[in-house]
$ cat data_1.txt   # compact mmCIF, C-alpha atoms
# COMPACT_ATOMS: atom_id res chain seq x y z
CA MET P 2 105.02 81.46 111.35
CA LEU P 3 106.11 85.01 110.65
CA ILE P 4 106.95 85.69 107.01
CA PHE P 5 108.84 88.88 107.76
CA ALA P 6 110.97 89.42 110.82
CA PRO P 7 109.70 92.42 112.82
CA ALA P 8 111.88 95.47 112.98
CA PRO P 9 113.43 96.52 116.33
CA LEU P 10 110.81 97.69 118.82
CA ASN P 11 112.50 101.04 119.48
CA SER P 12 112.27 101.97 115.79
CA HIS P 13 108.55 101.19 115.79
CA ILE P 14 108.02 103.34 118.88
CA ARG P 15 109.91 106.18 117.17
CA ILE P 16 107.63 105.90 114.12
CA VAL P 17 104.51 105.99 116.30
CA TYR P 18 105.86 109.01 118.20
CA GLN P 19 106.55 110.87 114.95
CA SER P 20 103.04 110.06 113.76
CA ILE P 21 101.46 111.31 116.98
CA MET P 22 103.51 114.52 116.75
CA LEU P 23 101.61 115.33 113.54
CA PHE P 24 98.51 115.96 115.66
CA ARG P 25 100.13 118.72 117.72
CA ARG P 26 99.04 122.33 117.34
CA LYS P 27 101.45 124.93 116.00
CA LYS P 28 100.11 127.39 118.60
CA PRO P 29 99.29 125.89 122.04
CA ALA P 30 95.63 126.24 123.02
CA THR P 31 94.64 128.16 126.13
CA TRP P 32 92.97 126.45 129.09
CA SER P 33 89.66 128.18 128.32
CA GLY P 34 89.91 127.06 124.71
CA LYS P 35 90.65 123.49 125.72
CA LEU P 36 87.67 123.45 128.09
CA ARG P 37 85.33 124.91 125.46
CA GLU P 38 86.57 122.46 122.83
CA PHE P 39 86.16 119.53 125.25
CA LEU P 40 82.59 120.45 126.21
CA TRP P 41 81.43 121.37 122.70
CA PRO P 42 83.84 120.87 119.75
CA ARG P 43 83.47 123.48 117.04
CA LYS P 44 83.33 120.87 114.28
CA GLY P 45 81.22 118.28 116.09
CA PHE P 46 81.96 115.27 118.24
CA SER P 47 82.35 112.91 115.28
CA ARG P 48 85.24 114.83 113.69
CA GLY P 49 87.91 113.38 115.98
CA PRO P 50 86.97 109.69 115.59
CA ARG P 51 86.46 110.17 111.84
CA TYR P 52 89.88 111.78 111.47
CA LEU P 53 91.58 108.98 113.43
CA ALA P 54 89.77 106.33 111.38
CA MET P 55 90.94 107.94 108.13
CA ARG P 56 94.46 108.24 109.53
CA VAL P 57 94.46 104.48 110.14
CA LEU P 58 92.97 103.61 106.74
CA ARG P 59 95.58 105.71 104.91
CA ILE P 60 98.48 103.76 106.41
CA SER P 61 100.58 102.12 103.72
CA SER P 62 100.34 98.52 104.89
CA SER P 63 98.34 95.38 104.19
CA PRO P 64 94.74 95.16 105.47
CA HIS P 65 95.78 92.28 107.74
CA SER P 66 98.63 94.26 109.29
CA ILE P 67 96.40 97.29 109.85
CA ALA P 68 93.65 95.12 111.33
CA ILE P 69 96.09 93.42 113.71
CA GLY P 70 97.26 96.83 114.91
CA VAL P 71 93.71 98.07 115.43
CA ALA P 72 92.79 94.85 117.23
CA ALA P 73 95.80 95.24 119.53
CA GLY P 74 94.82 98.81 120.37
CA ALA P 75 91.18 97.87 120.96
CA ALA P 76 92.11 94.90 123.14
CA SER P 77 94.50 96.91 125.28
CA SER P 78 91.87 99.65 125.67
CA ALA P 79 89.47 97.09 127.16
CA THR P 80 91.83 96.40 130.06
CA PRO P 81 92.04 98.27 133.40
CA PHE P 82 95.71 99.18 132.85
CA VAL P 83 95.03 102.91 132.51
CA GLY P 84 98.20 104.71 131.44
CA PHE P 85 99.77 101.60 129.91
CA HIS P 86 97.35 100.96 127.04
CA ILE P 87 99.70 102.21 124.33
CA LEU P 88 102.63 100.13 125.62
CA ILE P 89 100.46 97.00 125.72
CA ALA P 90 99.10 97.70 122.24
CA LEU P 91 102.58 98.27 120.78
CA ALA P 92 103.87 95.07 122.40
CA PHE P 93 101.04 92.94 120.99
CA ALA P 94 101.26 94.56 117.56
CA TYR P 95 105.01 93.96 117.51
CA LEU P 96 104.69 90.29 118.49
CA LEU P 97 101.94 89.67 115.91
CA SER P 98 103.62 91.70 113.13
CA GLY P 99 100.79 94.21 113.15
CA ASN P 100 101.05 97.86 112.22
CA MET P 101 102.40 99.81 115.19
CA ILE P 102 100.94 103.15 114.13
CA ALA P 103 97.45 101.64 113.85
CA ALA P 104 97.90 100.10 117.30
CA GLY P 105 98.96 103.40 118.85
CA ILE P 106 96.13 105.38 117.27
CA SER P 107 93.51 102.77 118.23
CA THR P 108 94.28 103.17 121.92
CA ALA P 109 92.31 106.42 121.66
CA LEU P 110 89.29 104.17 122.24
CA ALA P 111 90.23 104.47 125.92
CA ASN P 112 89.80 108.15 126.72
CA PRO P 113 88.46 110.21 129.65
CA LEU P 114 84.91 109.71 128.39
CA THR P 115 85.08 105.92 127.97
CA ILE P 116 87.51 104.82 130.71
CA PRO P 117 84.90 104.90 133.54
CA PHE P 118 82.59 102.70 131.45
CA ILE P 119 85.45 100.33 130.55
CA LEU P 120 86.45 99.96 134.20
CA ALA P 121 82.86 99.39 135.27
CA ALA P 122 82.34 96.81 132.50
CA THR P 123 85.48 94.82 133.36
CA TYR P 124 84.51 94.93 137.03
CA GLU P 125 80.94 93.75 136.45
CA VAL P 126 81.97 90.97 134.07
CA GLY P 127 84.67 89.88 136.53
CA LEU P 128 82.15 89.70 139.36
CA ILE P 129 79.88 87.54 137.23
CA MET P 130 82.72 85.21 136.22
CA LEU P 131 83.88 84.89 139.84
CA GLY P 132 80.32 84.40 141.09
CA THR P 133 80.35 87.44 143.40
CA GLU P 134 78.09 89.81 141.46
CA GLY P 135 75.78 90.43 144.41
CA ASN P 136 78.40 91.72 146.83
CA GLY P 137 78.14 95.48 146.29
CA ALA P 138 79.16 96.42 142.77
CA MET P 139 80.75 99.84 142.19
CA ALA P 140 80.62 102.37 139.39
CA GLY P 141 83.57 103.32 137.22
CA GLN P 142 84.12 106.63 139.01
CA ASP P 143 84.19 104.83 142.38
CA ILE P 144 86.83 102.44 141.04
CA LEU P 145 88.96 105.35 139.82
CA HIS P 146 88.70 106.98 143.26
CA MET P 147 89.81 103.78 144.99
CA LEU P 148 92.72 103.34 142.59
CA ARG P 149 93.97 106.84 143.47
CA HIS P 150 93.68 106.58 147.26
CA LEU P 151 94.17 102.96 148.32
CA GLU P 152 97.10 100.60 148.24
CA ILE P 153 97.31 97.70 145.82
CA SER P 154 97.09 95.17 148.67
CA HIS P 155 93.72 96.63 149.69
CA LEU P 156 92.43 96.65 146.13
CA TRP P 157 93.42 93.20 144.89
CA GLY P 158 90.58 91.07 146.25
CA PRO P 159 87.59 93.42 145.97
CA VAL P 160 88.54 95.40 142.84
CA LEU P 161 91.62 94.42 140.84
CA LYS P 162 91.02 90.69 140.66
CA PRO P 163 87.48 91.03 139.23
CA MET P 164 88.67 93.69 136.79
CA LEU P 165 91.57 91.59 135.52
CA VAL P 166 89.36 88.52 135.12
CA GLY P 167 86.61 90.50 133.42
CA SER P 168 88.99 92.24 131.03
CA VAL P 169 90.01 88.95 129.39
CA PRO P 170 86.72 88.22 127.55
CA LEU P 171 86.13 91.93 126.85
CA ALA P 172 89.59 92.32 125.32
CA ALA P 173 89.13 89.14 123.26
CA VAL P 174 85.74 90.25 121.92
CA SER P 175 87.05 93.75 121.19
CA ALA P 176 90.03 92.33 119.31
CA VAL P 177 87.85 90.09 117.12
CA VAL P 178 85.22 92.75 116.39
CA PHE P 179 87.72 95.49 115.57
CA TYR P 180 89.94 93.14 113.55
CA VAL P 181 87.05 92.16 111.29
CA GLY P 182 85.83 95.75 110.93
CA ALA P 183 89.30 97.19 110.31
CA PHE P 184 90.28 94.44 107.86
CA TYR P 185 87.30 94.92 105.56
CA ALA P 186 87.37 98.71 105.92
CA ALA P 187 91.07 98.83 104.98
CA LYS P 188 90.55 96.36 102.12
CA LEU P 189 87.66 98.41 100.71
CA PHE P 190 89.53 101.70 101.15
CA GLN P 191 92.65 100.39 99.40
CA SER P 192 90.59 98.86 96.60
CA ARG P 193 88.82 102.16 95.95
CA ARG P 194 92.09 104.07 96.12
CA HIS P 195 93.65 101.67 93.59
CA THR P 196 90.66 102.10 91.30
CA ARG P 197 90.91 105.90 91.49
CA ARG P 198 94.60 105.76 90.65
CA GLN P 199 93.94 103.48 87.68
CA ASN P 200 91.24 105.83 86.39
CA LYS P 201 93.58 108.81 86.70
CA MET P 202 96.33 106.97 84.83
CA GLN P 203 93.91 106.02 82.05
CA ALA P 204 92.65 109.59 81.82
CA ARG P 205 96.21 110.89 81.54
CA ALA P 206 97.01 108.28 78.89
CA VAL P 207 93.94 109.28 76.86
CA ALA P 208 94.82 112.99 77.21
CA TRP P 209 98.39 112.29 76.11
CA ALA P 210 97.16 110.27 73.10
CA ASP P 211 94.84 113.11 72.08
CA ASP P 212 97.67 115.61 72.27
CA VAL P 213 99.89 113.42 70.09
$ encode --input "data_1.txt" --output "structure tokens"
Amino acid sequence: MLIFAPAPLNSHIRIVYQSIMLFRRKKPATWSGKLREFLWPRKGFSRGPRYLAMRVLRISSSPHSIAIGVAAGAASSATPFVGFHILIALAFAYLLSGNMIAAGISTALANPLTIPFILAATYEVGLIMLGTEGNGAMAGQDILHMLRHLEISHLWGPVLKPMLVGSVPLAAVSAVVFYVGAFYAAKLFQSRRHTRRQNKMQARAVAWADDV
């Protein structure tokens, strides 16, 4: 049972959009700069994920709400619905009273580097679950090529059905793993932040007493 009624969905989407707008550059990057930054980031490959993780942890919400949002984003990223991950994540976070901003940011798990692996994993797991793993498996890039050039009716049996079936356990496992990790990370981060604030308040009180 929900303790608090969720706010209207359009307001949540507006909040997520405003949060994402914070990441925009003041001066648009050139194509050469984008290519150089993509191939070899100036501040390392870990800077982006670390920044997004800190952005999630600094959200003013309960650890449970943040973890639900992260789990929704991770689960949607483990599905073959490329281009709709953020909408799926926001819908699940809204229904489960999770944090919408955390859900939107967590969909970054599905990016141009990971999507081929995600598609291949859902396809392989689906073949195993359907008992057809020996009938010519394809790589993630091959699946992307077929999705761009063939009709849905041609793709359903050999590609889409295995991917949809395989995405169910992968999404469930991703949701559980990321919920647990995000919950304890947010709880620890908020506990340390509360301790720092208490120490600062005590230091100010002692300094004020000394001045008096």
$ atom_distance --input "data_1.txt" --atom1 "CA of Gly105 (chain P)" --atom2 "CA of Glu125 (chain P)"
27.0 Å
$ residues_around --input "data_1.txt" --residues "Ile106 (chain P)" --least-positions-apart "5" --cutoff "9 Å" --atoms "only C-alpha atoms" --output "PDB file with C-alpha atoms, keeping the file's coordinate frame"
ATOM      1  CA  VAL P  17     104.510 105.990 116.300  1.00  0.00           C
ATOM      2  CA  ILE P  21     101.460 111.310 116.980  1.00  0.00           C
ATOM      3  CA  LEU P  53      91.580 108.980 113.430  1.00  0.00           C
ATOM      4  CA  ALA P  54      89.770 106.330 111.380  1.00  0.00           C
ATOM      5  CA  ARG P  56      94.460 108.240 109.530  1.00  0.00           C
ATOM      6  CA  VAL P  57      94.460 104.480 110.140  1.00  0.00           C
ATOM      7  CA  GLY P  70      97.260  96.830 114.910  1.00  0.00           C
ATOM      8  CA  VAL P  71      93.710  98.070 115.430  1.00  0.00           C
ATOM      9  CA  GLY P  74      94.820  98.810 120.370  1.00  0.00           C
ATOM     10  CA  ILE P  87      99.700 102.210 124.330  1.00  0.00           C
ATOM     11  CA  MET P 101     102.400  99.810 115.190  1.00  0.00           C
TER      12      MET P 101
END
$ atom_distance --input "data_1.txt" --atom1 "CA of Lys188 (chain P)" --atom2 "CA of Ile60 (chain P)"
11.7 Å
$ atom_distance --input "data_1.txt" --atom1 "CA of Ala176 (chain P)" --atom2 "CA of Ala73 (chain P)"
6.5 Å
$ residues_around --input "data_1.txt" --residues "Phe179 (chain P)" --least-positions-apart "6" --cutoff "12 Å" --atoms "only C-alpha atoms" --output "list in words"
Ala54, His65, Ile67, Ala68, Ile69, Gly70, Val71, Ala72, Ala73, Gly74, Ala75, Ala76, Ser77, Ser78, Ala79, Ala103, Ala104, Ser107, Thr108, Leu110, Leu171, Ala172, Ala173, Tyr185, Ala186 and Ala187 of chain P
$ residues_near_point --input "data_1.txt" --point "(94.6, 99.5, 100.1)" --cutoff "12 Å" --atoms "all atoms listed in the file" --output "JSON, numbers by chain"
{"P": [57, 58, 59, 60, 61, 62, 63, 64, 65, 66, 67, 183, 184, 185, 186, 187, 188, 189, 190, 191, 192, 193, 194, 195, 196, 197, 198]}
$ closest_residue --input "data_1.txt" --among "P:Ala210, P:Leu131, P:Ala92, P:Met55" --to "Val160 (chain P)" --atoms "only C-alpha atoms"
P:Leu131
